[in-house]
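Notes for the one structure printed next.
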2 protein chains.
Amino acid sequence: MMPVPDDTRARLVEAMRYAAIGGGKRVRPLLVAATAAMFGVDRDAAVRTGCAVEAIHVYSLIHDDLPCMDDDNLRHGKPTVHKAFDEATAVLAGDSLHALAFEILSDTATSGDPFTRAELIATLSTASGMGGMAGGQMMDMVAEETDYDLHAITRLQQLKTGALLAASVEMGAILGKVAPEGRAHLRAYARDIGLAFQIADDLLDHEGDEDLAGKALRKDDEQGKQTFVTLMGPDGARQQAKALVEQAVGHLVSYGDDAALLGALARYIVERDR
Amino acid sequence: MMPVPDDTRARLVEAMRYAAIGGGKRVRPLLVAATAAMFGVDRDAAVRTGCAVEAIHVYSLIHDDLPCMDDDNLRHGKPTVHKAFDEATAVLAGDSLHALAFEILSDTATSGDPFTRAELIATLSTASGMGGMAGGQMMDMVAEETDYDLHAITRLQQLKTGALLAASVEMGAILGKVAPEGRAHLRAYARDIGLAFQIADDLLDHEGDEDLAGKALRKDDEQGKQTFVTLMGPDGARQQAKALVEQAVGHLVSYGDDAALLGALARYIVERDR
């Protein structure tokens, strides 16, 4: 899918590969695959769709790590893209992965049905743009000088992290030709795990192991940012994350054993150590 | 299409609007509209598709102007986005416009036919990614330390500028339900005007008026970059641009008067003073 061109673009593709391969929990592709499997979706289609979502996620990490954004030097235990290459290459590698996501989804190999392709693209572009991930990152950028309350932090995180996690589940259902009105339980599940995921992230930032995480921690504390941990306390946050996971699993009850993998993913999301 | 949200994302939308509105020749939307009109396409569909292409173009200008890229302070006669706002907002405004392009194209209001939507998206994502605009920008980033010959410069510009101009014509034809095998003349036209456009840009950089251009000029000369002007000389470049326009117009002959607007656009592209 990503041949290295025989010209000076080779550096760009190397940076895209460097960021995408090695490290990363692949939570989003797993959510796509686990949801798609419930509805008997062809495995190749689910893998391609998962790759598209992961391409968006990886592009967002590259841009978020830039000096003008979170200014991070380490990601997945290795130098960030702008450190290993340079800033211009990092901007362009992010932009190219962003475009690649839509190249993958618009390929007939992802789904022979154009309705499905168009719906996948609508879902992913909405989740990644101003009304989703990029919008949440914007809210986060001004967090240091803004006094966000729990309501605002929840909204910020629903956009920054929740939108793409929810899109992963939604896209699995779209591949499975589940009509929008049949996706209510899955959407409720995705909303709950999205919030639980971010609370777990805040807890890891507060008390996790930097070596395991493979990135700098304690940044929220240093920057004086409000997070779920500062607003609820570590114990309160931990309890809330667990309650959200139980609530998420509860939304899957009508699917019985078919949803076992989604249930396990929900539990992994709060129990992970990185 | 872009309501200002009632939270700290307002700054992001203001930056997107600042970059997109005011200034800009709208060459790409005009190419979409002129091509679509040849095939009796609904005007709204052509305008929406043109907006999507322009969103990609504007996103690329915002990112290209960043300090780590071309480091430009002026665009369309006003401060660039990272100067008027800040770098983080500029990165995110570019990313959000990138996503917005695919949100627009995947909306049923652009085309009720999902085949058409999926084909538009495939065309635009390919033209903007590593195999198109972003790849060309990568080649351009290393131009100072690379000894490109005319062949390599042509390839660079076909990617950096040509791909999106060609996609504009192609997307007009897609809206018009012209089958791929019926697009050969239009593609030949687009290839020629893409190259003519870039030669005209290089000539403007070399001898244009900064006030009219609304941006810094003579940058290629200062940086010692190879361009069509350095490789062919100003007169050679001018002749080549004119020859390409005549060749481009020649490809339209089978369309007769229907292609008058595309012909006029081809001539405007080399005669413009900004």
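Identifiers for the structure tokens are assigned positionally: chains receive A, B, ... in sequence, residues are indexed from 1 per chain, and ligands are indexed from 1 in the order shown.
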
(message) Can you pull out the residues contacting stretch 230-241 of chain A? Cut-off 7 Å, using only C-alpha atoms, and skip same-chain residues under 3 positions away; I want them as a list in words.
(response)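 Using only C-alpha atoms, the neighbours found are Leu150, Ala196, Ile199, Ala200, Leu203, Gln226, Thr227, Leu244, Val245 and Val270 of chain A.
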
Would you mind listing, for every residue of chain A within 6 Å of chain B, the two atoms forming the shortest contact and the distance between them in Å to one decimal, using only C-alpha atoms, sorted by chain and ascending residue number, as CSV?
```
residue,atom,partner,partner_atom,distance
A:Thr8,CA,B:Met139,CA,5.4
A:Arg9,CA,B:Met139,CA,5.7
A:Cys68,CA,B:Ala88,CA,5.3
A:Met69,CA,B:Ala88,CA,5.4
A:Glu87,CA,B:Cys68,CA,5.9
A:Ala88,CA,B:Cys68,CA,5.3
A:Ser96,CA,B:Gly129,CA,4.6
A:Ala99,CA,B:Gly129,CA,5.0
A:Phe102,CA,B:Ser125,CA,5.9
A:Glu103,CA,B:Ser125,CA,5.4
A:Ser106,CA,B:Ala122,CA,5.1
A:Pro114,CA,B:Phe115,CA,5.3
A:Phe115,CA,B:Pro114,CA,5.3
A:Ala118,CA,B:Ser106,CA,5.6
A:Ala122,CA,B:Ser106,CA,5.1
A:Ser125,CA,B:Ala99,CA,5.1
A:Gly129,CA,B:Ser96,CA,4.6
A:Met130,CA,B:Ser96,CA,5.2
A:Gly135,CA,B:Arg9,CA,5.9
A:Met138,CA,B:Arg9,CA,5.9
A:Met139,CA,B:Thr8,CA,5.4
```

(request) Please return as a ChimeraX atom specification: the residues of stretch 53-134 of chain A that backbone DSSP assigns to strand (DSSP E or B). (result) /A:74-75,78-79

Would you save the residues from that selection as a PDB file, in the first residue's frame, using C-alpha atoms?
```
ATOM      1  CA  LEU A  74       9.251  10.701  22.724  1.00  0.00           C
ATOM      2  CA  ARG A  75       6.386   8.565  21.433  1.00  0.00           C
ATOM      3  CA  LYS A  78      11.317   6.342  20.325  1.00  0.00           C
ATOM      4  CA  PRO A  79      11.925   9.903  19.110  1.00  0.00           C
TER       5      PRO A  79
END
```

(message) Residues within 12 Å of B:Pro180, please, as a list in words. Count only C-alpha atoms; anything in the same chain fewer than 6 positions from it doesn't count.
(response)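 Listed by chain and then number, they are Glu119, Thr123, Glu170, Met171, Ala173, Ile174, Leu186 and Arg187 of chain B.
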
(request) Please return as number ranges by chain: the residues of stretch 126-232 of chain A that backbone DSSP assigns to alpha helix (DSSP H). (result) A: 126-128, 133-141, 150-157, 163-175, 184-207, 210-213, 219-223, 228-232

Written file, previous selection with C-alpha atoms, as an mmCIF file, in the first residue's frame:
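Contents of again-v8.cif, as written:
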```cif
data_model
loop_
_atom_site.group_PDB
_atom_site.id
_atom_site.type_symbol
_atom_site.label_atom_id
_atom_site.label_comp_id
_atom_site.auth_asym_id
_atom_site.auth_seq_id
_atom_site.Cartn_x
_atom_site.Cartn_y
_atom_site.Cartn_z
ATOM 1 C CA THR A 126 -16.692 14.219 10.639
ATOM 2 C CA ALA A 127 -14.922 12.491 13.543
ATOM 3 C CA SER A 128 -11.530 13.870 12.584
ATOM 4 C CA MET A 133 -10.662 15.320 16.933
ATOM 5 C CA ALA A 134 -9.133 18.560 15.564
ATOM 6 C CA GLY A 135 -11.772 20.608 17.395
ATOM 7 C CA GLY A 136 -10.972 18.801 20.644
ATOM 8 C CA GLN A 137 -7.261 19.378 20.141
ATOM 9 C CA MET A 138 -7.990 23.089 19.645
ATOM 10 C CA MET A 139 -9.885 23.176 22.967
ATOM 11 C CA ASP A 140 -6.946 21.360 24.559
ATOM 12 C CA MET A 141 -4.412 23.845 23.143
ATOM 13 C CA LEU A 150 -15.971 18.949 34.455
ATOM 14 C CA HIS A 151 -18.647 19.604 31.838
ATOM 15 C CA ALA A 152 -16.191 21.387 29.518
ATOM 16 C CA ILE A 153 -13.460 18.760 30.060
ATOM 17 C CA THR A 154 -15.955 16.017 29.200
ATOM 18 C CA ARG A 155 -16.908 17.868 26.020
ATOM 19 C CA LEU A 156 -13.248 18.455 25.119
ATOM 20 C CA GLN A 157 -12.390 14.785 25.550
ATOM 21 C CA ALA A 163 -15.049 10.986 18.428
ATOM 22 C CA LEU A 164 -12.498 8.724 16.717
ATOM 23 C CA LEU A 165 -13.117 5.799 19.102
ATOM 24 C CA ALA A 166 -16.855 6.152 18.480
ATOM 25 C CA ALA A 167 -16.226 6.349 14.724
ATOM 26 C CA SER A 168 -14.284 3.061 14.923
ATOM 27 C CA VAL A 169 -17.303 1.241 16.355
ATOM 28 C CA GLU A 170 -19.665 3.048 13.990
ATOM 29 C CA MET A 171 -17.577 2.087 10.962
ATOM 30 C CA GLY A 172 -17.580 -1.566 12.021
ATOM 31 C CA ALA A 173 -21.379 -1.367 12.096
ATOM 32 C CA ILE A 174 -21.477 0.422 8.733
ATOM 33 C CA LEU A 175 -19.403 -2.378 7.178
ATOM 34 C CA ALA A 184 -28.060 2.918 19.374
ATOM 35 C CA HIS A 185 -26.608 0.326 21.772
ATOM 36 C CA LEU A 186 -23.246 0.338 20.009
ATOM 37 C CA ARG A 187 -23.158 4.144 20.102
ATOM 38 C CA ALA A 188 -23.915 4.133 23.839
ATOM 39 C CA TYR A 189 -21.126 1.580 24.339
ATOM 40 C CA ALA A 190 -18.694 3.699 22.320
ATOM 41 C CA ARG A 191 -19.574 6.904 24.193
ATOM 42 C CA ASP A 192 -18.897 5.213 27.539
ATOM 43 C CA ILE A 193 -15.589 3.601 26.552
ATOM 44 C CA GLY A 194 -14.431 6.853 24.968
ATOM 45 C CA LEU A 195 -14.785 8.658 28.271
ATOM 46 C CA ALA A 196 -13.328 5.700 30.226
ATOM 47 C CA PHE A 197 -10.355 5.664 27.837
ATOM 48 C CA GLN A 198 -9.572 9.309 28.493
ATOM 49 C CA ILE A 199 -9.967 8.987 32.271
ATOM 50 C CA ALA A 200 -7.544 6.039 32.140
ATOM 51 C CA ASP A 201 -5.173 8.211 30.074
ATOM 52 C CA ASP A 202 -5.331 10.990 32.654
ATOM 53 C CA LEU A 203 -4.644 8.441 35.426
ATOM 54 C CA LEU A 204 -1.650 7.081 33.477
ATOM 55 C CA ASP A 205 -0.360 10.609 32.989
ATOM 56 C CA HIS A 206 -0.720 11.166 36.740
ATOM 57 C CA GLU A 207 0.686 7.905 38.124
ATOM 58 C CA GLU A 210 7.196 6.521 31.734
ATOM 59 C CA ASP A 211 9.187 3.515 30.461
ATOM 60 C CA LEU A 212 6.040 1.487 29.869
ATOM 61 C CA ALA A 213 4.198 4.463 28.384
ATOM 62 C CA LYS A 219 2.707 16.914 31.652
ATOM 63 C CA ASP A 220 -0.834 17.839 32.648
ATOM 64 C CA ASP A 221 0.281 18.467 36.231
ATOM 65 C CA GLU A 222 3.261 20.564 35.125
ATOM 66 C CA GLN A 223 1.152 22.675 32.814
ATOM 67 C CA PHE A 228 -10.493 14.196 35.109
ATOM 68 C CA VAL A 229 -7.887 13.422 37.778
ATOM 69 C CA THR A 230 -7.530 17.008 39.001
ATOM 70 C CA LEU A 231 -11.294 17.505 38.953
ATOM 71 C CA MET A 232 -12.340 14.148 40.525
#
```

(request) Would you mind reading off the distance between atom CA of B:Lys215 and atom CA of B:Ala84, one decimal, in Å? (result)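 Rounded to one decimal, the two atoms are 14.6 Å apart.
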
(message) Please determine, counting only C-alpha atoms, which residue among B:Asp6, B:Ser111, B:Asn73, B:Lys83 has the shortest atom-to-atom distance to B:Arg43.
(response)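 Ranking B:Asp6, B:Ser111, B:Asn73, B:Lys83 by distance to B:Arg43, first place goes to B:Ser111.
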